[in-house]
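Below is one structure, written out as structure tokens; comments come after it.
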Amino acid sequence: PSSSSNPSRVYEGYGTFALAASVNVAEVDLTRDAIRMMIAALREGPIDPDLLDRARQPVLEDYANVLKSLSGWMSLADRAQSEADRLDRFFEAPEIIKAITPSDIGDTARKYLDPDMAVEIVVVPDKAAVIAADQDSAENQTGPAA
């Protein structure tokens with residue numbers, strides 16, 4: 001599973017937030033239900049403060065480690081002149097992340113994760129591809145068919 005946020009750098013207030021999961025075709029409905037339940041729990045809130053701390057910690061560690069390498073500095077310096085605001089955002093981000101509360105998560109989920117506004121895209125192989133994959137899998141487990 002993964003998530004991403006891509007706010008527009010051109011149009012204020014626009015962007016996308018995406019949730020994705022690569023699962024077996026047979027698990028699509030179960031996965032969809034699990035994602036919907038997770039969104040509902042976030043919207044109903046508040047989330048457990050310990051859960052928030054455990055989610056926040058790896059993000060803070062990434063910020064702490066990014067400038068320990070030349071590539072981290074290069075990615076930050078790459079746009080230092082053309083997009084100087086990104087430098088400020090980078091250095092301010094850890095304190096902002098630390099200040100996020102469970103209530104903030106619920107408020108944000110209610111604002112941006114409205115199930116009625118979601119666009120759902122499901123990509124699955126056609127039936128022939130699934131049958132061929134199942135046959136290949138069976139042959140690999142038992143040897144070639146006679």
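All residue names refer to the structure tokens as shown: chains lettered A, B, ... in order, residues numbered from 1 in each chain, ligands numbered from 1 in order.
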
In segment 13-145 of chain A, DSSP alpha helix (DSSP H) residues written as an MDAnalysis selection string: chainID A and resid 28:44 49:66 70:77 85:99 102:112 127:142

Surrounding residues of Leu87 of chain A excluding itself and chain neighbours under 3 positions, 12 Å, only C-alpha atoms, as a tab-separated table (two decimals) with N, CA and C atoms, in the first residue's frame:
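What landed in out-v8.tsv:
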chain	number	residue	atom	x	y	z
A	73	TRP	N	21.84	16.92	-0.07
A	73	TRP	CA	22.16	18.34	-0.24
A	73	TRP	C	21.92	18.79	-1.67
A	75	SER	N	19.76	17.58	-3.87
A	75	SER	CA	18.33	17.70	-4.17
A	75	SER	C	17.76	18.97	-3.56
A	76	LEU	N	18.27	19.38	-2.42
A	76	LEU	CA	17.80	20.61	-1.79
A	76	LEU	C	18.36	21.83	-2.53
A	77	ALA	N	19.61	21.77	-2.90
A	77	ALA	CA	20.26	22.90	-3.57
A	77	ALA	C	19.80	23.06	-5.02
A	78	ASP	N	19.28	21.99	-5.60
A	78	ASP	CA	18.88	21.99	-7.00
A	78	ASP	C	17.94	23.14	-7.35
A	79	ARG	N	17.03	23.46	-6.44
A	79	ARG	CA	16.05	24.52	-6.72
A	79	ARG	C	16.18	25.70	-5.77
A	80	ALA	N	17.30	25.81	-5.12
A	80	ALA	CA	17.48	26.86	-4.10
A	80	ALA	C	17.27	28.26	-4.66
A	81	GLN	N	17.68	28.51	-5.87
A	81	GLN	CA	17.52	29.84	-6.45
A	81	GLN	C	16.13	30.01	-7.06
A	82	SER	N	15.70	29.03	-7.82
A	82	SER	CA	14.44	29.17	-8.54
A	82	SER	C	13.21	29.00	-7.64
A	83	GLU	N	13.35	28.24	-6.57
A	83	GLU	CA	12.22	28.00	-5.67
A	83	GLU	C	12.71	28.09	-4.22
A	84	ALA	N	13.12	29.27	-3.83
A	84	ALA	CA	13.72	29.47	-2.51
A	84	ALA	C	12.76	29.10	-1.38
A	90	PHE	N	11.46	23.06	3.79
A	90	PHE	CA	12.22	21.90	4.22
A	90	PHE	C	12.67	22.05	5.67
A	91	PHE	N	13.23	23.19	6.01
A	91	PHE	CA	13.78	23.36	7.35
A	91	PHE	C	12.69	23.57	8.41
A	92	GLU	N	11.52	24.04	8.02
A	92	GLU	CA	10.42	24.22	8.96
A	92	GLU	C	9.60	22.94	9.16
A	93	ALA	N	9.67	22.03	8.21
A	93	ALA	CA	8.81	20.84	8.21
A	93	ALA	C	8.89	19.99	9.48

A:Leu70, A:Phe17, A:Asp33, A:Thr101 ranked by distance to Asp48 of chain A, top pick (using only C-alpha atoms): A:Thr101

Hey, can you check how far atom CA of Asp116 of chain A sits from atom CA of Arg36 of chain A? 11.3 Å

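Atom CA of Leu19 of chain A to atom CA of Ile96 of chain A spans 22.9 Å [interatomic distance, one decimal].
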
Once you count only C-alpha atoms, what closest atom pair and distance in Å to one decimal does each residue of segment 14-100 of chain A within 6 Å of segment 106-113 of chain A have, with rows by chain and rising residue number, as a Markdown table?
| residue | atom | partner | partner_atom | distance |
| --- | --- | --- | --- | --- |
| A:Leu42 | CA | A:Gly106 | CA | 5.6 |
| A:Arg43 | CA | A:Arg110 | CA | 5.0 |
| A:Gly45 | CA | A:Gly106 | CA | 5.1 |
| A:Pro46 | CA | A:Gly106 | CA | 5.9 |

Find the residues near Ala34 of chain A: any atom within 12 Å, counting only C-alpha atoms, skip ones fewer than 4 places away on the same chain, and give them as an mmCIF file with C-alpha atoms, in the first residue's frame.
data_model
loop_
_atom_site.group_PDB
_atom_site.id
_atom_site.type_symbol
_atom_site.label_atom_id
_atom_site.label_comp_id
_atom_site.auth_asym_id
_atom_site.auth_seq_id
_atom_site.Cartn_x
_atom_site.Cartn_y
_atom_site.Cartn_z
ATOM 1 C CA PRO A 1 0.000 0.000 0.000
ATOM 2 C CA LEU A 19 -4.082 5.829 -2.022
ATOM 3 C CA ALA A 20 -2.898 2.728 -3.855
ATOM 4 C CA ALA A 21 -2.523 -0.963 -3.204
ATOM 5 C CA GLU A 27 -8.518 -9.338 -3.012
ATOM 6 C CA VAL A 28 -9.649 -6.142 -4.762
ATOM 7 C CA ASP A 29 -13.016 -5.945 -2.990
ATOM 8 C CA LEU A 30 -11.495 -6.750 0.420
ATOM 9 C CA MET A 38 -9.496 3.266 7.280
ATOM 10 C CA ILE A 39 -10.740 6.531 5.770
ATOM 11 C CA ALA A 40 -13.920 6.365 7.855
ATOM 12 C CA ALA A 41 -11.862 5.822 11.018
#

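Here the question is which of A:Met74, A:Ala99, A:Ile105, A:Val25 gets nearest to Leu51 of chain A using only C-alpha atoms, and that residue is A:Ile105.
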
Computed interatomic separation between atom CA of Ala18 of chain A and atom CA of Glu44 of chain A (Å): 19.6 Å
